[in-house]
Amino acid sequence: MLPSELTELVQNIVTMKCEHQNIELKRASQGTPEKLYDTLSSFSNQTGGGIILFGIDEKNDFALTGVYDAQDLQMKVTNQALQMEPVVRPVFTVASINGKTLVSAEIAECDIFDKPCFYKGAGRIRGSYIRIGEADMPMTEYEIYSFEVFKRKIQDELRIVERADFNSFDPNLLQEYFISLRKAKPNLAKQSNSKILQLQGLVDHDKPTVAGILLLGEYPQAYFPQLSVTAMVIDGTEFAELGTGGERFIDNQRIEGTLTQMLEDTLAFIRRNTRNSTIIDDDGTRADRSEYPMIAVREIILNALIHRDYSIHTDHSPIRIILYRDRLEVENPGGLYGRITVDELGKTAADTRNPFIANGLEVMLQTENRFSGIPTIINEMERANLMPPVFENRRGVFKVTLYNKLRSSISSESLLEQSSMQKILQYCIQPRSRAEITRHLGLNSPSYVTAKYLRPLIQAGKLQLTIPNSPKSKHQKYIVPHSKNTFI
């Protein structure tokens, strides 16, 4: 940044008296802080990176103290940055403000193949940090693993199930699988059954894999009790609400079995607990319509079963489904995998976490593994004249929400406005500038975006300014409050 930009940023911070998700304050009037490793790590691992500001005393009403020696500070911060893996390269700016010398160090985000960035002296497990609000928090073992599994192409679905053997397979499912596979993959037809199982990732050295047990096992939950689906029905719009008779759940079921059995039983649960209406077409034809389009629901459940995390870190976490009065929520452990982001869903090919499970279900169910699931969900909701689906990805959990509110109950202009606002809220989980939001919406007028979307969201408390006391600042960004569920 330029010295003039640093000056404006400092003035805004002093005015509003708080740190931010992407700004860390250090006094540095008596010397260079000795332990910057946590912040260097968290900013490097955070989308968009961050800025460390030296010369402000947060504990003394954000007074400007200035730094003891700008040149020496830069040298010592650089020395600490060299102790990170990968090495961090700060970009420094120096400015004089009210007779005090302040220094900023801009920390760029690492490439995904280099994450997590960590302090070499503490090691990857203890030296990796993530930014939560204004604090640098140690990464969990799973958060670290989520980067490693993508970089190293670890295939957890191919883990051997030590307690299982060939007798753990359901013989009827095996027979059906071989028949379907030889029709779908004629190049494999000449191979023996044992070699087919090996090539398709269902066994390894004559031992069943996680994929094999989940696809063809007699009872997969004998080995993985929590690799199941929990389904609940709430008589209200919030989880804590009780029914008219004081009951917590109208219906509550743990769904077990193979992946195909869980798919069918979960769909049966949802059909049983959703309303149907009769539609009469212009020609007098009567047809029943479900509260939610079942093609979309099936895609969501299927995607959850295929793309959830099957590592040892999530063995204890079932897929969770909750039917509220106004919506259906589906959560699966693992979050988005690889390089794809929420706003790219359905628009680009995604990295596949579990290709062998995807291939197995493609054979058994004639499903497509060609990234058509998300577009199908969106299109089916539109065909049913329902609100667009909402996709969320937060700290190891991916969530899809379907609302049963009709599009026709609001104007097309209002529908477009709500859809745009939803996109903004999903995008602003991390701080975003007005220009970034405008580009994200595919528009070219930041002023229009501010008046039409940003101000109403701020007034509703669903979005907040990172520099609230200086709304016109060049450094102004917008972020979803972390403590609230702001999704429309």
# chains A, B, ... in the order shown; residues from 1 in each chain; ligands from 1
call {"tool": "select_by_dssp", "arguments": {"residues": "segment 3-221 of chain A", "states": "strand (DSSP E)", "output": "PyMOL selection string"}}
result
chain A and resi 23-26+50-54+56-57+63-64+84-85+91-97+100-107+118-119+129-132+135-138+203-204+207-208
call {"tool": "residues_around", "arguments": {"residues": "Gln476 of chain A", "least_positions_apart": "6", "cutoff": "9 Å", "atoms": "only C-alpha atoms", "output": "PDB file with N, CA and C atoms, in the first residue's frame"}}
result
ATOM      1  N   ARG A 432     -14.936  -8.434   2.182  1.00  0.00           N
ATOM      2  CA  ARG A 432     -14.888  -8.154   0.751  1.00  0.00           C
ATOM      3  C   ARG A 432     -15.101  -6.664   0.519  1.00  0.00           C
ATOM      4  N   SER A 433     -14.386  -6.114  -0.462  1.00  0.00           N
ATOM      5  CA  SER A 433     -14.559  -4.716  -0.811  1.00  0.00           C
ATOM      6  C   SER A 433     -15.793  -4.538  -1.688  1.00  0.00           C
ATOM      7  N   ARG A 434     -16.219  -3.286  -1.832  1.00  0.00           N
ATOM      8  CA  ARG A 434     -17.377  -2.995  -2.677  1.00  0.00           C
ATOM      9  C   ARG A 434     -17.109  -3.396  -4.126  1.00  0.00           C
ATOM     10  N   LEU A 465     -19.826  -3.284   8.414  1.00  0.00           N
ATOM     11  CA  LEU A 465     -18.633  -2.647   7.886  1.00  0.00           C
ATOM     12  C   LEU A 465     -17.420  -3.040   8.722  1.00  0.00           C
ATOM     13  N   THR A 466     -16.299  -3.218   8.076  1.00  0.00           N
ATOM     14  CA  THR A 466     -15.064  -3.460   8.835  1.00  0.00           C
ATOM     15  C   THR A 466     -14.522  -2.160   9.421  1.00  0.00           C
ATOM     16  N   ILE A 467     -14.918  -1.022   8.821  1.00  0.00           N
ATOM     17  CA  ILE A 467     -14.521   0.288   9.352  1.00  0.00           C
ATOM     18  C   ILE A 467     -15.803   1.107   9.518  1.00  0.00           C
ATOM     19  N   PRO A 468     -16.589   0.846  10.543  1.00  0.00           N
ATOM     20  CA  PRO A 468     -17.931   1.437  10.661  1.00  0.00           C
ATOM     21  C   PRO A 468     -17.942   2.954  10.810  1.00  0.00           C
ATOM     22  N   SER A 470     -16.010   5.062   9.366  1.00  0.00           N
ATOM     23  CA  SER A 470     -15.545   5.721   8.152  1.00  0.00           C
ATOM     24  C   SER A 470     -16.071   4.955   6.946  1.00  0.00           C
TER      25      SER A 470
END
call {"tool": "select_by_dssp", "arguments": {"residues": "segment 58-202 of chain A", "states": "alpha helix (DSSP H)", "output": "MDAnalysis selection string"}}
result
chainID A and resid 70:81 123:127 141:151 171:184 193:199
call {"tool": "atom_distance", "arguments": {"atom1": "atom CA of Val103 of chain A", "atom2": "atom CA of Thr39 of chain A"}}
result
15.8 Å
call {"tool": "atom_distance", "arguments": {"atom1": "atom CA of Gln426 of chain A", "atom2": "atom CA of Asn469 of chain A"}}
result
24.3 Å
